[in-house]
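target_2.cif follows; it contains mmCIF, C-alpha atoms.
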```cif
data_coords
loop_
_atom_site.label_atom_id
_atom_site.label_comp_id
_atom_site.auth_asym_id
_atom_site.auth_seq_id
_atom_site.Cartn_x
_atom_site.Cartn_y
_atom_site.Cartn_z
CA MET S 1313 155.10 -108.21 49.18
CA LYS S 1314 154.10 -111.64 50.52
CA ARG S 1315 156.05 -111.02 53.72
CA ILE S 1316 154.46 -107.58 54.11
CA LEU S 1317 151.04 -109.23 53.75
CA LEU S 1318 152.08 -111.88 56.27
CA PHE S 1319 153.17 -109.10 58.61
CA VAL S 1320 149.76 -107.40 58.41
CA LEU S 1321 147.78 -110.63 58.73
CA THR S 1322 149.84 -111.85 61.67
CA ASN S 1323 149.27 -108.65 63.62
CA VAL S 1324 145.55 -108.75 62.82
CA MET S 1325 145.38 -112.38 63.95
CA VAL S 1326 147.23 -111.57 67.17
CA VAL S 1327 144.71 -108.86 67.99
CA ALA S 1328 141.81 -111.16 67.05
CA VAL S 1329 143.11 -114.01 69.25
CA LEU S 1330 143.61 -111.62 72.16
CA GLY S 1331 140.03 -110.44 71.74
CA VAL S 1332 138.59 -113.98 71.62
CA VAL S 1333 140.59 -115.14 74.65
CA ALA S 1334 139.61 -112.04 76.61
CA SER S 1335 135.94 -112.63 75.79
CA LEU S 1336 136.05 -116.32 76.72
CA LEU S 1337 137.68 -115.53 80.06
CA GLY S 1338 135.17 -112.81 80.80
CA VAL S 1339 137.80 -110.11 80.66
CA ASN S 1340 135.75 -108.19 78.13
CA ARG S 1341 132.74 -107.94 80.47
CA PHE S 1342 134.96 -107.01 83.42
CA LEU S 1343 136.79 -104.28 81.56
CA THR S 1344 133.66 -102.83 79.97
CA ALA S 1345 131.93 -102.75 83.34
CA ASN S 1346 134.90 -100.89 84.77
CA GLY S 1347 135.10 -98.32 82.00
CA LEU S 1348 137.69 -99.83 79.63
CA ASN S 1349 136.63 -100.36 76.02
CA LEU S 1350 138.30 -103.60 74.94
CA THR S 1351 137.63 -103.03 71.24
CA ALA S 1352 139.33 -99.64 71.41
CA LEU S 1353 142.24 -101.15 73.30
CA LEU S 1354 142.69 -103.90 70.71
CA GLY S 1355 142.67 -101.27 67.96
CA PHE S 1356 145.19 -99.19 69.86
CA ALA S 1357 147.44 -102.24 70.35
CA LEU S 1358 147.22 -102.98 66.63
CA VAL S 1359 148.14 -99.44 65.65
CA MET S 1360 151.02 -99.28 68.13
CA GLY S 1361 152.35 -102.78 67.44
CA PHE S 1362 151.97 -102.63 63.68
CA GLY S 1363 152.51 -98.93 63.06
CA GLY S 1364 155.76 -98.44 64.93
CA ALA S 1365 157.37 -101.59 63.52
CA ILE S 1366 156.39 -100.96 59.89
CA ILE S 1367 157.52 -97.34 60.03
CA SER S 1368 160.85 -98.51 61.44
CA LEU S 1369 161.18 -100.97 58.57
CA LEU S 1370 160.33 -98.42 55.90
CA ILE S 1371 162.86 -95.87 57.14
CA SER S 1372 165.59 -98.43 57.91
CA LYS S 1373 167.62 -97.73 54.76
CA PRO S 1374 167.57 -93.91 54.91
CA MET S 1375 168.28 -94.10 58.65
CA ALA S 1376 171.30 -96.31 57.99
CA LYS S 1377 172.61 -93.84 55.42
CA TRP S 1378 172.15 -91.00 57.89
CA THR S 1379 173.49 -92.62 61.07
CA ALA S 1380 176.26 -94.93 59.86
CA GLY S 1381 178.26 -92.39 57.86
CA LEU S 1382 177.96 -94.37 54.63
CA ARG S 1383 179.80 -93.49 51.46
CA MET S 1384 177.65 -94.80 48.63
CA ILE S 1385 179.44 -96.50 45.75
CA ASP S 1386 177.42 -95.25 42.82
CA ASN S 1387 180.41 -95.16 40.48
CA PRO S 1388 183.38 -97.23 41.69
CA GLN S 1389 186.51 -95.10 42.01
CA SER S 1390 189.02 -97.90 42.62
CA PRO S 1391 189.59 -101.58 41.82
CA ASP S 1392 188.52 -102.50 45.37
CA GLU S 1393 185.24 -100.64 45.04
CA ALA S 1394 184.61 -102.22 41.64
CA TRP S 1395 185.26 -105.66 43.14
CA ILE S 1396 182.83 -105.04 46.03
CA VAL S 1397 180.07 -103.96 43.66
CA ALA S 1398 180.74 -106.91 41.35
CA THR S 1399 180.65 -109.33 44.29
CA VAL S 1400 177.35 -107.96 45.56
CA ARG S 1401 175.89 -108.15 42.05
CA LYS S 1402 177.10 -111.74 41.59
CA PHE S 1403 175.49 -112.91 44.82
CA ALA S 1404 172.31 -110.89 44.25
CA ASP S 1405 171.86 -112.49 40.83
CA LYS S 1406 172.49 -115.94 42.28
CA ALA S 1407 170.02 -115.31 45.12
CA GLY S 1408 167.40 -113.99 42.70
CA ILE S 1409 167.05 -110.51 44.21
CA GLY S 1410 167.46 -107.02 42.81
CA MET S 1411 170.87 -105.38 42.94
CA PRO S 1412 171.26 -103.73 46.37
CA GLU S 1413 172.84 -100.35 46.86
CA VAL S 1414 176.45 -100.70 48.01
CA ALA S 1415 178.31 -98.57 50.54
CA ILE S 1416 181.47 -98.37 52.63
CA PHE S 1417 181.77 -96.88 56.11
CA GLU S 1418 184.72 -96.09 58.34
CA GLY S 1419 185.21 -98.33 61.34
CA GLU S 1420 186.35 -101.63 62.76
CA PRO S 1421 185.42 -104.90 61.00
CA ASN S 1422 181.69 -105.14 60.41
CA ALA S 1423 179.05 -105.21 57.70
CA PHE S 1424 175.28 -105.01 57.50
CA ALA S 1425 172.31 -105.21 55.17
CA THR S 1426 169.08 -103.28 55.50
CA GLY S 1427 166.01 -102.16 53.57
CA ALA S 1428 162.29 -102.86 53.53
CA PHE S 1429 162.21 -104.78 50.26
CA LYS S 1430 164.35 -107.51 48.73
CA ASN S 1431 164.71 -105.61 45.47
CA SER S 1432 165.50 -102.26 47.11
CA SER S 1433 168.04 -103.03 49.80
CA LEU S 1434 171.48 -101.90 50.94
CA VAL S 1435 174.72 -103.75 51.70
CA ALA S 1436 177.49 -101.90 53.54
CA VAL S 1437 180.96 -103.03 54.59
CA SER S 1438 183.46 -101.28 56.83
CA THR S 1439 186.97 -100.20 55.95
CA GLY S 1440 188.22 -102.32 58.84
CA LEU S 1441 186.65 -105.40 57.29
CA LEU S 1442 188.31 -104.73 53.93
CA GLN S 1443 191.69 -104.10 55.54
CA GLY S 1444 191.64 -106.93 58.07
CA MET S 1445 190.38 -109.85 56.00
CA THR S 1446 191.31 -111.66 52.81
CA ARG S 1447 189.20 -111.13 49.72
CA GLU S 1448 187.71 -114.60 50.04
CA GLU S 1449 186.70 -113.86 53.64
CA VAL S 1450 185.20 -110.49 52.69
CA GLU S 1451 183.34 -112.26 49.89
CA ALA S 1452 181.88 -114.67 52.46
CA VAL S 1453 180.76 -111.77 54.65
CA ILE S 1454 179.09 -110.09 51.67
CA GLY S 1455 177.40 -113.40 50.89
CA HIS S 1456 176.15 -113.50 54.48
CA GLU S 1457 174.55 -110.07 54.12
CA VAL S 1458 173.00 -110.90 50.74
CA ALA S 1459 171.60 -114.08 52.32
CA HIS S 1460 169.91 -111.89 54.97
CA ILE S 1461 168.20 -109.98 52.16
CA ALA S 1462 167.25 -113.10 50.20
CA ASN S 1463 165.83 -114.69 53.37
CA GLY S 1464 163.70 -111.60 54.00
CA ASP S 1465 165.22 -111.20 57.45
CA MET S 1466 164.53 -107.48 57.72
CA VAL S 1467 160.79 -108.02 57.25
CA THR S 1468 160.79 -111.15 59.41
CA MET S 1469 162.41 -109.31 62.32
CA THR S 1470 159.94 -106.45 61.88
CA LEU S 1471 157.09 -108.98 61.92
CA ILE S 1472 158.30 -110.45 65.18
CA GLN S 1473 158.87 -107.03 66.71
CA GLY S 1474 155.37 -105.94 65.70
CA VAL S 1475 153.79 -109.02 67.29
CA MET S 1476 155.75 -108.46 70.49
CA ASN S 1477 154.79 -104.77 70.53
CA THR S 1478 151.13 -105.70 70.21
CA PHE S 1479 151.31 -108.05 73.18
CA VAL S 1480 153.17 -105.50 75.28
CA VAL S 1481 150.69 -102.69 74.59
CA PHE S 1482 147.65 -104.87 75.19
CA LEU S 1483 148.82 -106.71 78.30
CA SER S 1484 150.33 -103.69 80.03
CA ARG S 1485 147.07 -101.78 79.78
CA VAL S 1486 144.82 -104.67 80.77
CA ILE S 1487 146.96 -105.46 83.82
CA GLY S 1488 147.33 -101.77 84.62
CA TYR S 1489 143.57 -101.34 84.58
CA ALA S 1490 143.10 -104.38 86.83
CA VAL S 1491 145.68 -103.04 89.31
CA ASP S 1492 144.02 -99.63 89.31
CA SER S 1493 140.59 -101.17 89.89
CA PHE S 1494 141.93 -103.17 92.83
CA LEU S 1495 143.56 -100.13 94.42
CA ARG S 1496 140.43 -98.03 93.99
CA ARG S 1497 137.81 -100.61 95.01
CA GLY S 1498 134.98 -98.95 96.89
CA ASP S 1499 135.95 -95.54 95.50
CA ASP S 1500 133.06 -94.24 93.40
CA ARG S 1501 134.26 -90.66 93.08
CA SER S 1502 135.57 -91.15 89.57
CA SER S 1503 135.02 -93.82 86.91
CA GLY S 1504 138.15 -92.98 84.93
CA PRO S 1505 141.57 -94.57 85.35
CA GLY S 1506 143.63 -93.36 88.30
CA ILE S 1507 147.31 -93.00 89.10
CA GLY S 1508 147.59 -96.76 89.65
CA TYR S 1509 146.72 -97.37 86.01
CA TYR S 1510 149.27 -94.91 84.65
CA VAL S 1511 152.11 -96.03 86.94
CA SER S 1512 151.39 -99.72 86.32
CA THR S 1513 151.21 -99.21 82.57
CA ILE S 1514 154.54 -97.38 82.44
CA VAL S 1515 156.26 -100.02 84.59
CA LEU S 1516 154.73 -102.90 82.62
CA ASP S 1517 155.66 -101.29 79.28
CA ILE S 1518 159.28 -101.35 80.46
CA VAL S 1519 159.22 -104.83 82.03
CA LEU S 1520 157.27 -106.50 79.21
CA GLY S 1521 159.36 -104.57 76.70
CA PHE S 1522 162.49 -106.21 78.08
CA ALA S 1523 160.83 -109.62 77.89
CA ALA S 1524 159.79 -108.93 74.29
CA ALA S 1525 163.35 -107.81 73.45
CA MET S 1526 164.64 -111.19 74.65
CA VAL S 1527 162.23 -113.00 72.33
CA VAL S 1528 163.22 -110.80 69.37
CA ALA S 1529 166.92 -111.35 70.16
CA TRP S 1530 166.38 -115.12 70.22
CA PHE S 1531 164.88 -115.03 66.73
CA SER S 1532 167.71 -112.75 65.60
CA ARG S 1533 170.31 -115.25 66.77
CA HIS S 1534 168.50 -118.05 64.95
CA ARG S 1535 168.47 -116.23 61.62
CA GLU S 1536 172.25 -115.63 61.85
CA PHE S 1537 172.82 -119.37 61.47
CA ARG S 1538 170.63 -119.33 58.36
CA ALA S 1539 172.56 -116.41 56.88
CA ASP S 1540 175.87 -118.20 57.53
CA ALA S 1541 174.54 -121.26 55.72
CA GLY S 1542 173.20 -119.01 52.97
CA ALA S 1543 176.65 -117.48 52.45
CA ALA S 1544 178.17 -120.95 52.20
CA ALA S 1545 175.54 -121.92 49.61
CA LEU S 1546 176.14 -118.78 47.55
CA MET S 1547 179.90 -119.45 47.52
CA GLY S 1548 179.48 -123.17 46.93
CA GLN S 1549 181.66 -124.03 49.93
CA LYS S 1550 181.58 -123.49 53.69
CA GLN S 1551 185.24 -122.94 54.49
CA PRO S 1552 185.44 -119.25 53.48
CA MET S 1553 182.56 -118.42 55.85
CA ILE S 1554 184.20 -120.46 58.61
CA ASN S 1555 187.48 -118.62 58.01
CA ALA S 1556 185.72 -115.25 58.04
CA LEU S 1557 183.99 -116.02 61.34
CA ALA S 1558 187.24 -117.26 62.86
CA ARG S 1559 189.00 -114.07 61.83
CA LEU S 1560 186.14 -111.93 63.14
CA GLY S 1561 186.48 -113.76 66.44
CA GLY S 1562 190.05 -112.49 66.69
CA LEU S 1563 189.32 -108.93 65.61
CA PRO S 1564 187.60 -106.12 67.54
CA ALA S 1565 183.99 -106.04 66.36
CA GLY S 1566 182.91 -102.62 65.18
CA GLU S 1567 179.85 -101.06 66.79
CA LEU S 1568 176.91 -100.15 64.56
CA PRO S 1569 174.09 -97.67 65.14
CA LYS S 1570 171.21 -99.26 67.07
CA ALA S 1571 168.96 -98.95 64.00
CA VAL S 1572 171.05 -101.48 62.06
CA GLU S 1573 172.83 -103.38 64.85
CA ALA S 1574 170.76 -106.54 64.41
CA MET S 1575 171.68 -106.66 60.71
CA GLY S 1576 175.44 -106.63 61.27
CA ILE S 1577 177.82 -109.54 60.80
CA THR S 1578 178.84 -109.28 64.45
CA GLY S 1579 176.84 -108.25 67.50
CA SER S 1580 176.89 -107.72 71.24
CA ILE S 1581 178.26 -110.39 73.56
CA GLY S 1582 175.31 -110.37 75.96
CA LYS S 1583 173.32 -113.58 76.24
CA LEU S 1584 169.58 -112.94 76.52
CA PHE S 1585 169.71 -109.68 74.60
CA ALA S 1586 172.45 -110.61 72.10
CA THR S 1587 171.34 -110.27 68.47
CA HIS S 1588 174.11 -112.64 67.31
CA PRO S 1589 175.21 -116.06 68.60
CA PRO S 1590 178.79 -116.52 69.81
CA ILE S 1591 181.27 -116.89 66.95
CA GLU S 1592 182.23 -120.35 68.24
CA GLU S 1593 178.65 -121.61 67.94
CA ARG S 1594 178.32 -120.28 64.41
CA ILE S 1595 181.55 -121.96 63.33
CA ALA S 1596 180.47 -125.23 64.97
CA ALA S 1597 177.12 -125.11 63.17
CA LEU S 1598 178.85 -124.74 59.80
CA GLN S 1599 181.36 -127.45 60.60
CA ASN S 1600 178.64 -129.86 61.67
CA ALA S 1601 176.66 -129.13 58.52
CA GLN S 1602 179.83 -129.87 56.56
CA GLN S 1603 179.96 -133.37 57.99
CA ARG S 1604 176.38 -134.31 57.01
#
```
Could you write out this file's structure as structure tokens?
Amino acid sequence: MKRILLFVLTNVMVVAVLGVVASLLGVNRFLTANGLNLTALLGFALVMGFGGAIISLLISKPMAKWTAGLRMIDNPQSPDEAWIVATVRKFADKAGIGMPEVAIFEGEPNAFATGAFKNSSLVAVSTGLLQGMTREEVEAVIGHEVAHIANGDMVTMTLIQGVMNTFVVFLSRVIGYAVDSFLRRGDDRSSGPGIGYYVSTIVLDIVLGFAAAMVVAWFSRHREFRADAGAAALMGQKQPMINALARLGGLPAGELPKAVEAMGITGSIGKLFATHPPIEERIAALQNAQQR
């Protein structure tokens, strides 16, 4: 609940700061004189930035169940399933969070955690992960996902995405209106926005959206190091997590639906848009921490 409150307050503060800066720079007077209501725009940016991100967070768990082909383990049907549930429960108790729902999905080695609240989350592991790793390594991966939940990473990433969305919506429309005013200077036939505004806004939504995605990806990579360290802390030793990462580096990483990709144990190999750091960097971070 504290992180949800932080999410709301941060988005409100972003909108407030944008409004103050715009007023100090005279942007407010310029936009009002040219037919753009800055207060309405700030409200629109808040609704778009906050609304879309929070809705995405709230539906993240049902979306994962729907898109990832999960088989929920409500009543374990085998010793392996019983062990997975017991491992998740052990780490959840140690991390001080509610017992997450547990699921298995078909695919290459991967795992993810999702859910809007720490005490109502979901941990899922793939069949490829269970078949391709030792139990100690799978335990480390489960610890990694539980650490994501305990760290509140799902809400944190939504917070960051909401802030970025707010900036994108606000800036694209302010710049679009300025471009439109420049193109239509001397034209008094209509006071409303013209084609320049709409084209500029669409282009800027895309361009600024890519820039925002890079910022979100950077934060995502950072929190992976924290989850690795969290798994090591939950297990009381770092080597199992190091071994799990090393094995993942030699196995084909399974693809996840876009809705839960950032929550997986592995991610894309792109640089600016990668949600996960390279395996080598994650292993090095754990090894360096081991030497302190």
- Translate the PyMOL selection byres ((chain S and resi 1369) around 9), as applied to the file shown, into an explicit residue set as a list in words.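 After applying the PyMOL selection byres ((chain S and resi 1369) around 9), what remains is Gly1364, Ala1365, Ile1366, Ile1367, Ser1368, Leu1370, Ile1371, Ser1372, Lys1373, Thr1426, Gly1427, Ala1428, Met1466, Val1467 and Thr1470 of chain S.
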- Task: In the coordinate frame of the file, compute which residues have an atom within 9 Å of (152.0, -105.8, 72.6) when using all atoms listed in the file, and state them as a list in words.
- Result: Ala1357, Leu1358, Met1360, Gly1361, Gly1474, Val1475, Met1476, Asn1477, Thr1478, Phe1479, Val1480, Val1481, Phe1482, Leu1483, Ser1484, Asp1517, Leu1520, Gly1521 and Ala1524 of chain S
How about saving the chosen residues, C-alpha atoms kept, as a PDB file, keeping the file's coordinate frame?
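Heads up, here's the output in again18.pdb:
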```
ATOM      1  CA  ALA S1357     147.440-102.240  70.350  1.00  0.00           C
ATOM      2  CA  LEU S1358     147.220-102.980  66.630  1.00  0.00           C
ATOM      3  CA  MET S1360     151.020 -99.280  68.130  1.00  0.00           C
ATOM      4  CA  GLY S1361     152.350-102.780  67.440  1.00  0.00           C
ATOM      5  CA  GLY S1474     155.370-105.940  65.700  1.00  0.00           C
ATOM      6  CA  VAL S1475     153.790-109.020  67.290  1.00  0.00           C
ATOM      7  CA  MET S1476     155.750-108.460  70.490  1.00  0.00           C
ATOM      8  CA  ASN S1477     154.790-104.770  70.530  1.00  0.00           C
ATOM      9  CA  THR S1478     151.130-105.700  70.210  1.00  0.00           C
ATOM     10  CA  PHE S1479     151.310-108.050  73.180  1.00  0.00           C
ATOM     11  CA  VAL S1480     153.170-105.500  75.280  1.00  0.00           C
ATOM     12  CA  VAL S1481     150.690-102.690  74.590  1.00  0.00           C
ATOM     13  CA  PHE S1482     147.650-104.870  75.190  1.00  0.00           C
ATOM     14  CA  LEU S1483     148.820-106.710  78.300  1.00  0.00           C
ATOM     15  CA  SER S1484     150.330-103.690  80.030  1.00  0.00           C
ATOM     16  CA  ASP S1517     155.660-101.290  79.280  1.00  0.00           C
ATOM     17  CA  LEU S1520     157.270-106.500  79.210  1.00  0.00           C
ATOM     18  CA  GLY S1521     159.360-104.570  76.700  1.00  0.00           C
ATOM     19  CA  ALA S1524     159.790-108.930  74.290  1.00  0.00           C
TER      20      ALA S1524
END
```
- Task: Please provide as a ChimeraX atom specification all residues within 6 Å of region 1447-1457 of chain S, with the sequence filter that same-chain residues fewer than 6 positions apart are discarded (counting all atoms listed in the file).
- Result: /S:1425,1539-1540,1543,1552-1553,1556
- Between S:Phe1417, S:Leu1354, S:Met1526, S:Thr1399, smallest distance to Thr1379 (chain S) by all atoms listed in the file belongs to S:Phe1417
As lines of an AutoDock Vina configuration file, please report the centre and edge lengths, rounded to one decimal in Å, of the axis-aligned box that holds all listed atoms of region 1483-1488 of chain S with 3 Å of padding on each of the six sides.
```
center_x = 147.6
center_y = -104.2
center_z = 81.5
size_x = 11.5
size_y = 10.9
size_z = 12.3
```
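Reported to one decimal place, the separation of CA of His1460 (chain S) from CA of Glu1536 (chain S) is 8.2 Å.
Among S:Pro1412, S:Gly1444, S:Pro1374, S:Gly1506, the residue with the shortest atom-to-atom distance to Val1458 (chain S), counting all atoms listed in the file, is S:Pro1412.
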- Query: Counting all atoms listed in the file, which of S:Gly1508, S:Gln1443, S:Phe1522, S:Trp1395 gets nearest to Arg1496 (chain S)?
  - Reply: S:Gly1508
- Name the residues in contact with Met1469 (chain S) at a cut-off of 9 Å, using all atoms listed in the file, excluding same-chain residues fewer than 5 positions from it; report them as a list in words. Gly1464, Gly1474, Val1528, Phe1531 and Ser1532 of chain S
- Rounded to one decimal in Å, what is the spacing between CA of Trp1530 (chain S) and CA of Gly1363 (chain S)?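 It comes out at 22.5 Å.
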- Quick one: pull the distance between CA of Leu1598 (chain S) and CA of Ala1436 (chain S), Å, one decimal.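 The value is 23.7 Å.
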- the PyMOL selection byres ((chain S and resi 1593) around 12) applied to the shown file, residues as JSON, numbers by chain: {"S": [1533, 1534, 1536, 1537, 1540, 1554, 1557, 1558, 1561, 1588, 1589, 1590, 1591, 1592, 1594, 1595, 1596, 1597, 1598, 1599, 1600]}
Hey, can you spit out that residue selection with C-alpha atoms as a CSV table (one decimal), in the coordinates of the input?
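Final file, result.csv:
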```
chain,number,residue,atom,x,y,z
S,1533,ARG,CA,170.3,-115.2,66.8
S,1534,HIS,CA,168.5,-118.0,65.0
S,1536,GLU,CA,172.2,-115.6,61.8
S,1537,PHE,CA,172.8,-119.4,61.5
S,1540,ASP,CA,175.9,-118.2,57.5
S,1554,ILE,CA,184.2,-120.5,58.6
S,1557,LEU,CA,184.0,-116.0,61.3
S,1558,ALA,CA,187.2,-117.3,62.9
S,1561,GLY,CA,186.5,-113.8,66.4
S,1588,HIS,CA,174.1,-112.6,67.3
S,1589,PRO,CA,175.2,-116.1,68.6
S,1590,PRO,CA,178.8,-116.5,69.8
S,1591,ILE,CA,181.3,-116.9,67.0
S,1592,GLU,CA,182.2,-120.4,68.2
S,1594,ARG,CA,178.3,-120.3,64.4
S,1595,ILE,CA,181.6,-122.0,63.3
S,1596,ALA,CA,180.5,-125.2,65.0
S,1597,ALA,CA,177.1,-125.1,63.2
S,1598,LEU,CA,178.8,-124.7,59.8
S,1599,GLN,CA,181.4,-127.4,60.6
S,1600,ASN,CA,178.6,-129.9,61.7
```
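Compared by their closest atoms to Ile1409 (chain S), and using all atoms listed in the file, the residues S:Ala1459, S:Arg1559, S:Ala1380, S:Met1375 rank with S:Ala1459 nearest.
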- With all atoms listed in the file counted, which protein, DNA or RNA residues have an atom no more than 8 Å from (176.3, -95.8, 48.4) in the file frame? Please answer as a list in words.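 Output of the proximity query reads Leu1382, Arg1383, Met1384, Ile1385, Asp1386, Glu1413, Val1414, Ala1415 and Ile1416 of chain S.
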- Identify, on the basis of only C-alpha atoms, every residue whose closest approach to Arg1401 (chain S) does not exceed 7 Å; exclude the query and any residue fewer than 4 positions from it along the same chain; express the result as number ranges by chain. S: 1397, 1405, 1411
- Point out the residue among S:Ala1462, S:Ala1398, S:Val1486, S:Val1437 with the least atom-to-atom distance to Ala1352 (chain S), counting all atoms listed in the file.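 Residue with the minimum atom-to-atom distance to Ala1352 (chain S): S:Val1486.
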Hey, could you patch up region 1589-1601 of chain S with N, CA, C and O atoms and hand it over as a CSV table (one decimal), keeping the file's coordinate frame?
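Done, and the output landed in rebuild_28.csv:
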```
chain,number,residue,atom,x,y,z
S,1589,PRO,N,174.7,-115.0,67.8
S,1589,PRO,CA,175.2,-116.1,68.6
S,1589,PRO,C,176.7,-115.9,68.7
S,1589,PRO,O,177.3,-115.2,67.9
S,1590,PRO,N,177.3,-116.6,69.7
S,1590,PRO,CA,178.8,-116.5,69.8
S,1590,PRO,C,179.4,-117.1,68.5
S,1590,PRO,O,178.9,-118.0,67.9
S,1591,ILE,N,180.6,-116.5,68.2
S,1591,ILE,CA,181.3,-116.9,67.0
S,1591,ILE,C,181.5,-118.4,67.0
S,1591,ILE,O,181.4,-119.1,65.9
S,1592,GLU,N,181.9,-118.9,68.1
S,1592,GLU,CA,182.2,-120.4,68.2
S,1592,GLU,C,181.0,-121.2,67.8
S,1592,GLU,O,181.2,-122.3,67.2
S,1593,GLU,N,179.8,-120.8,68.3
S,1593,GLU,CA,178.6,-121.6,67.9
S,1593,GLU,C,178.3,-121.6,66.4
S,1593,GLU,O,177.9,-122.5,65.8
S,1594,ARG,N,178.6,-120.4,65.8
S,1594,ARG,CA,178.3,-120.3,64.4
S,1594,ARG,C,179.3,-121.1,63.6
S,1594,ARG,O,178.9,-121.8,62.6
S,1595,ILE,N,180.6,-121.1,64.0
S,1595,ILE,CA,181.6,-122.0,63.3
S,1595,ILE,C,181.2,-123.4,63.5
S,1595,ILE,O,181.3,-124.2,62.5
S,1596,ALA,N,180.8,-123.8,64.7
S,1596,ALA,CA,180.5,-125.2,65.0
S,1596,ALA,C,179.3,-125.7,64.1
S,1596,ALA,O,179.2,-126.8,63.6
S,1597,ALA,N,178.3,-124.8,64.0
S,1597,ALA,CA,177.1,-125.1,63.2
S,1597,ALA,C,177.5,-125.4,61.7
S,1597,ALA,O,177.0,-126.3,61.1
S,1598,LEU,N,178.4,-124.5,61.2
S,1598,LEU,CA,178.8,-124.7,59.8
S,1598,LEU,C,179.7,-126.0,59.7
S,1598,LEU,O,179.5,-126.8,58.7
S,1599,GLN,N,180.5,-126.3,60.6
S,1599,GLN,CA,181.4,-127.4,60.6
S,1599,GLN,C,180.5,-128.7,60.7
S,1599,GLN,O,180.8,-129.7,60.0
S,1600,ASN,N,179.5,-128.7,61.5
S,1600,ASN,CA,178.6,-129.9,61.7
S,1600,ASN,C,177.8,-130.1,60.4
S,1600,ASN,O,177.6,-131.2,60.0
S,1601,ALA,N,177.4,-129.0,59.8
S,1601,ALA,CA,176.7,-129.1,58.5
S,1601,ALA,C,177.6,-129.7,57.4
S,1601,ALA,O,177.1,-130.4,56.6
```
